[in-house]
Amino acid sequence: MLRVLLWATMLTITTNLESCVSISFKESAQTGSSPSPTPTPTETEGLPTPTETVRESPIESRPKLPPSTTNQDILEQSWVIYRQQFIQEDGRAIDYQASDRSTSEGQAYAMLRSVLIDDPTTFALTLKWAENNLQRLDPQGKPIDSLWAWLWGKEKGNWGAIDRNFASDADIDAITALILGSRRWQRPEYLALAKLKLQDLWEYSTIEVAGGKRYLLPGPKEAFVPNQSTLYLNPSYLAPLAFRLFAQVDTERNWLSLVETSYQILEQSSKVSTVGLPSDWIALDTQTGKFQSLPSDSKLKSLYSFDAYRVWWRVAWDVELFQSSPGLSYLKVATKHLQKQWRESGNIPAQIDLQGKSLVNYEATSQYAMLYPTLRIINPKMAEEILQKKLLPRYNQGIWDDRSSYYTQNLAWLGLLPTQAIDPQLLRSRSGHAVPSPKP
C-alpha cells in the first residue's frame with residue numbers, strides 16, 4: 001500500500017510541476033554535460049583553481065529576502081549566479097570539481113536554498129530532476145524506497161545513478177525543504193511526499209540499539225553497521241532542527257528521540273578529540289556506549305575536516321530557531337580550540353587531527369562560513385572579524401573563491417543567511433505552535 005501511495009504522490013507532483021514550470025530543455029537529463037576530470041572539493045578548496053566560464057541558465061524567477069536581512073544583496077546576487085553556474089536548465093545541480101557529477105546533497109541544497117529565498121521555480125525544477133533521476137531501483141527496475149541515490153554521473157559512457165546507496169543528510173535536507181515549501185507555497189503534495197520519505201528514512205536510516213536508544217545512520221544499515229555492536233556515524237549529518245520539524249508532521253515515529261541522541265553523539269564523540277572537536281566520522285560501540293576513531297585502514301577518516309564543518313551551522317540554527325540549551329552548551333565547548341587558533345594566528349587550517357595538529361597549510365572558506373553562525377551566538381566580535389577578513393574578501397560578483405567550487409557556494413550561502421530571514425510561520429505546525437523540546 002505504501003508503494004501505491006508513493007507512486008500516486010509522485011504522479012501528482014510530476015503533473016503539478018509540469019503545470020507550474022514552463023521551460024524548454026536543450027539537453028536531456030540522460031545526456032549531461034561534457035565532463036573534465038578534476039579533483040574533489042576536499043582536495044582543492046582553499047587552493048587556486050582555474051576560472052571557468054559561467055554556464056547560462058534559463059531559470060527566470062526573482063529571489064527575495066526580507067528587506068532587513070543582513071548581507072541581503074550578497075545573498076540574493078549569489079543565488080542568481082549559483083543558478084546560472086551550477087544548476088542546469090532541467091534542474092540538475094552540477095559539481096564541476098568532480099567530473100561534472102550530481103549528488104543528492106547538491107539537489108537538496110538547491111531545494112533548501114530555494115525555499116529559504118522564496119524561489120518556487122528553481123525548487124520545482126531541482127525536485128523534479130531528483131525524483132526522475134535519483135530513484136533507488138532494484139534489479140527489476142522497481143523502486144526500493146523513496147530515498148535518493150546519492151551519486152549520479154557518467155560511467156562506461158552512460159549517464160545515470162552510479163552508486164545507489166543513499167546519504168541520509170541529503171534526504172534530511174530535502175525533506176526539510178519539502179515541509180517548508182509546502183507551508184510557504186501552500187503545496188500539500190510537497191508535504192505528502194515529505195511524509196512518505198520520512199517513513200523510509202526512519203525505516204532504512206535509523207537503528208535502535210540495546211537500551212532503546214535510536215540513532216541516525218549516514219546511509220543504509222549494511223554500509224554503516226559493520227558488526228552487531230558497532231555503528232559508523234557522521235556527526236555533520238545530525239540535524240536537530242530538522243528532527244523537530246519532522247515530529248510536527250509525522251506523529252507515528254519518535255523523531256524527538258533523534259534530537260536527544262544527536263546531542264549525545266555530538267557531546268560524547270567530541271571527547272575522542274583531545275581538543276574537543278567534532279570528527280568527520282566516528283565509531284560507536286553500542287555495548288559500552290563509548291566512541292572511538294574509525295580503524296586507520298578505513299576509507300572514512302576520523303578527523304576534523306570538510307564534513308565536520310557543517311556541525312556548526314546545523315547546531316547554531318537549532319539554538320537560534322528552537323532555543324536549544326544542549327546545542328548552546330555544545331557550541332561553547334566544542335569551538336574552544338578553533339577560537340584559540342584564531343586568536344593566536346588569525347587563521348584556522350582546513351583540516352585538523354583529533355589531537356589538534358594542523359594537517360594542511362591552507363584554509364577553507366566553507367569552514368569560516370559554517371563557523372560564522374555559531375560565533376554570532378557565542379562570540380559576536382570574532383564572528384565579525386571572520387566575516388570582514390575571511391568571507392567578504394573572498395566574494396566577487398556572486399562567487400566565493402572560484403566558479404567551480406560548488407561545495408563552497410552552498411556552505412557560504414547557508415552560513416551567511418541570518419535566521420531572522422526565515423519566516424517563523426514556516427517552523428510552526430498547523431496548530432501554530434512550535435514543537436516542544438525532548439525531555440532531558
# chains A, B, ... in the order shown; residues from 1 in each chain; ligands from 1
call {"tool": "residues_around", "arguments": {"residues": "Ser229 (chain A)", "least_positions_apart": "5", "cutoff": "8 Å", "atoms": "only C-alpha atoms", "output": "mmCIF file with N, CA and C atoms, in the first residue's frame"}}
result
data_model
loop_
_atom_site.group_PDB
_atom_site.id
_atom_site.type_symbol
_atom_site.label_atom_id
_atom_site.label_comp_id
_atom_site.auth_asym_id
_atom_site.auth_seq_id
_atom_site.Cartn_x
_atom_site.Cartn_y
_atom_site.Cartn_z
ATOM 1 N N ASP A 285 30.573 2.080 19.931
ATOM 2 C CA ASP A 285 30.393 0.722 20.438
ATOM 3 C C ASP A 285 29.077 0.710 21.197
ATOM 4 N N THR A 286 28.079 0.065 20.655
ATOM 5 C CA THR A 286 26.745 0.114 21.261
ATOM 6 C C THR A 286 26.648 -0.687 22.551
ATOM 7 N N GLN A 287 27.606 -1.582 22.816
ATOM 8 C CA GLN A 287 27.587 -2.356 24.048
ATOM 9 C C GLN A 287 28.141 -1.559 25.222
#
call {"tool": "residues_around", "arguments": {"residues": "Ser182 (chain A)", "least_positions_apart": "4", "cutoff": "12 Å", "atoms": "only C-alpha atoms", "output": "PDB file with N, CA and C atoms, in the first residue's frame"}}
result
ATOM      1  N   ILE A  13       2.808  15.043  -8.057  1.00  0.00           N
ATOM      2  CA  ILE A  13       3.850  16.065  -8.018  1.00  0.00           C
ATOM      3  C   ILE A  13       4.380  16.345  -9.405  1.00  0.00           C
ATOM      4  N   VAL A 115      13.724  27.406  -1.138  1.00  0.00           N
ATOM      5  CA  VAL A 115      12.578  27.720  -0.284  1.00  0.00           C
ATOM      6  C   VAL A 115      12.910  28.841   0.687  1.00  0.00           C
ATOM      7  N   ASP A 118      12.610  31.987  -1.315  1.00  0.00           N
ATOM      8  CA  ASP A 118      11.312  32.122  -1.979  1.00  0.00           C
ATOM      9  C   ASP A 118      11.447  32.066  -3.498  1.00  0.00           C
ATOM     10  N   PRO A 120      10.185  29.428  -5.955  1.00  0.00           N
ATOM     11  CA  PRO A 120       9.453  28.177  -6.199  1.00  0.00           C
ATOM     12  C   PRO A 120       9.792  27.514  -7.523  1.00  0.00           C
ATOM     13  N   PHE A 123      13.002  25.509  -7.059  1.00  0.00           N
ATOM     14  CA  PHE A 123      12.646  24.409  -6.159  1.00  0.00           C
ATOM     15  C   PHE A 123      11.980  23.283  -6.951  1.00  0.00           C
ATOM     16  N   ALA A 124      10.984  23.628  -7.755  1.00  0.00           N
ATOM     17  CA  ALA A 124      10.242  22.622  -8.508  1.00  0.00           C
ATOM     18  C   ALA A 124      11.140  21.893  -9.502  1.00  0.00           C
ATOM     19  N   ILE A 175      13.811  16.624   2.706  1.00  0.00           N
ATOM     20  CA  ILE A 175      12.531  16.530   3.410  1.00  0.00           C
ATOM     21  C   ILE A 175      12.233  17.827   4.151  1.00  0.00           C
ATOM     22  N   THR A 176      13.250  18.398   4.769  1.00  0.00           N
ATOM     23  CA  THR A 176      13.079  19.698   5.428  1.00  0.00           C
ATOM     24  C   THR A 176      12.579  20.737   4.435  1.00  0.00           C
ATOM     25  N   ALA A 177      13.205  20.764   3.258  1.00  0.00           N
ATOM     26  CA  ALA A 177      12.802  21.728   2.229  1.00  0.00           C
ATOM     27  C   ALA A 177      11.368  21.471   1.772  1.00  0.00           C
ATOM     28  N   LEU A 178      10.974  20.217   1.647  1.00  0.00           N
ATOM     29  CA  LEU A 178       9.603  19.889   1.239  1.00  0.00           C
ATOM     30  C   LEU A 178       8.588  20.376   2.274  1.00  0.00           C
ATOM     31  N   GLN A 186       1.866  26.789  -0.022  1.00  0.00           N
ATOM     32  CA  GLN A 186       0.585  26.074   0.072  1.00  0.00           C
ATOM     33  C   GLN A 186       0.526  24.937  -0.946  1.00  0.00           C
ATOM     34  N   ARG A 187       1.506  24.050  -0.870  1.00  0.00           N
ATOM     35  CA  ARG A 187       1.600  22.920  -1.791  1.00  0.00           C
ATOM     36  C   ARG A 187       1.468  21.621  -1.006  1.00  0.00           C
ATOM     37  N   PRO A 188       0.252  21.127  -0.801  1.00  0.00           N
ATOM     38  CA  PRO A 188       0.063  19.903   0.004  1.00  0.00           C
ATOM     39  C   PRO A 188       0.777  18.691  -0.557  1.00  0.00           C
ATOM     40  N   GLU A 189       1.008  18.656  -1.872  1.00  0.00           N
ATOM     41  CA  GLU A 189       1.694  17.500  -2.446  1.00  0.00           C
ATOM     42  C   GLU A 189       3.143  17.417  -1.973  1.00  0.00           C
ATOM     43  N   TYR A 190       3.748  18.562  -1.654  1.00  0.00           N
ATOM     44  CA  TYR A 190       5.104  18.533  -1.101  1.00  0.00           C
ATOM     45  C   TYR A 190       5.097  17.877   0.276  1.00  0.00           C
ATOM     46  N   LEU A 191       4.115  18.197   1.081  1.00  0.00           N
ATOM     47  CA  LEU A 191       4.015  17.602   2.411  1.00  0.00           C
ATOM     48  C   LEU A 191       3.744  16.107   2.309  1.00  0.00           C
ATOM     49  N   ALA A 192       2.900  15.705   1.354  1.00  0.00           N
ATOM     50  CA  ALA A 192       2.616  14.278   1.173  1.00  0.00           C
ATOM     51  C   ALA A 192       3.883  13.513   0.828  1.00  0.00           C
ATOM     52  N   LEU A 193       4.708  14.080  -0.045  1.00  0.00           N
ATOM     53  CA  LEU A 193       5.959  13.422  -0.408  1.00  0.00           C
ATOM     54  C   LEU A 193       6.910  13.390   0.783  1.00  0.00           C
ATOM     55  N   ALA A 194       6.961  14.467   1.546  1.00  0.00           N
ATOM     56  CA  ALA A 194       7.817  14.506   2.738  1.00  0.00           C
ATOM     57  C   ALA A 194       7.447  13.388   3.707  1.00  0.00           C
ATOM     58  N   LYS A 195       6.161  13.170   3.910  1.00  0.00           N
ATOM     59  CA  LYS A 195       5.714  12.136   4.844  1.00  0.00           C
ATOM     60  C   LYS A 195       6.098  10.739   4.365  1.00  0.00           C
ATOM     61  N   VAL A 249       5.083  16.825  11.687  1.00  0.00           N
ATOM     62  CA  VAL A 249       4.269  16.304  10.582  1.00  0.00           C
ATOM     63  C   VAL A 249       4.134  14.786  10.595  1.00  0.00           C
ATOM     64  N   GLN A 425       6.654  31.401  10.747  1.00  0.00           N
ATOM     65  CA  GLN A 425       5.495  30.567  10.447  1.00  0.00           C
ATOM     66  C   GLN A 425       5.886  29.283   9.729  1.00  0.00           C
ATOM     67  N   LEU A 426       7.035  29.303   9.046  1.00  0.00           N
ATOM     68  CA  LEU A 426       7.488  28.104   8.356  1.00  0.00           C
ATOM     69  C   LEU A 426       7.908  27.017   9.334  1.00  0.00           C
ATOM     70  N   LEU A 427       8.199  27.410  10.555  1.00  0.00           N
ATOM     71  CA  LEU A 427       8.702  26.472  11.557  1.00  0.00           C
ATOM     72  C   LEU A 427       7.622  25.966  12.486  1.00  0.00           C
ATOM     73  N   SER A 429       3.854  24.155  13.356  1.00  0.00           N
ATOM     74  CA  SER A 429       2.910  23.156  12.881  1.00  0.00           C
ATOM     75  C   SER A 429       1.579  23.812  12.561  1.00  0.00           C
ATOM     76  N   ARG A 430       0.666  23.044  12.010  1.00  0.00           N
ATOM     77  CA  ARG A 430      -0.637  23.587  11.628  1.00  0.00           C
ATOM     78  C   ARG A 430      -1.364  24.212  12.811  1.00  0.00           C
TER      79      ARG A 430
END
call {"tool": "select_by_dssp", "arguments": {"residues": "region 276-388 of chain A", "states": "helix (DSSP H, G or I)", "output": "ChimeraX atom specification"}}
result
/A:310-322,325-334,336-345,365-378,380-388
call {"tool": "atom_distance", "arguments": {"atom1": "CA of Ser269 (chain A)", "atom2": "CA of Ser257 (chain A)"}}
result
17.8 Å
call {"tool": "select_by_dssp", "arguments": {"residues": "region 210-312 of chain A", "states": "strand (DSSP E)", "output": "list in words"}}
result
Arg214, Tyr215, Leu216, Thr230, Leu231, Tyr232, Leu233, Ile282, Ala283, Leu284, Asp285, Lys290, Phe291 and Gln292 of chain A
call {"tool": "residues_around", "arguments": {"residues": "Pro218 (chain A)", "least_positions_apart": "4", "cutoff": "12 Å", "atoms": "only C-alpha atoms", "output": "number ranges by chain"}}
result
A: 150, 165-172, 201-202, 204-207, 222-225, 231-239, 280-283, 300, 307
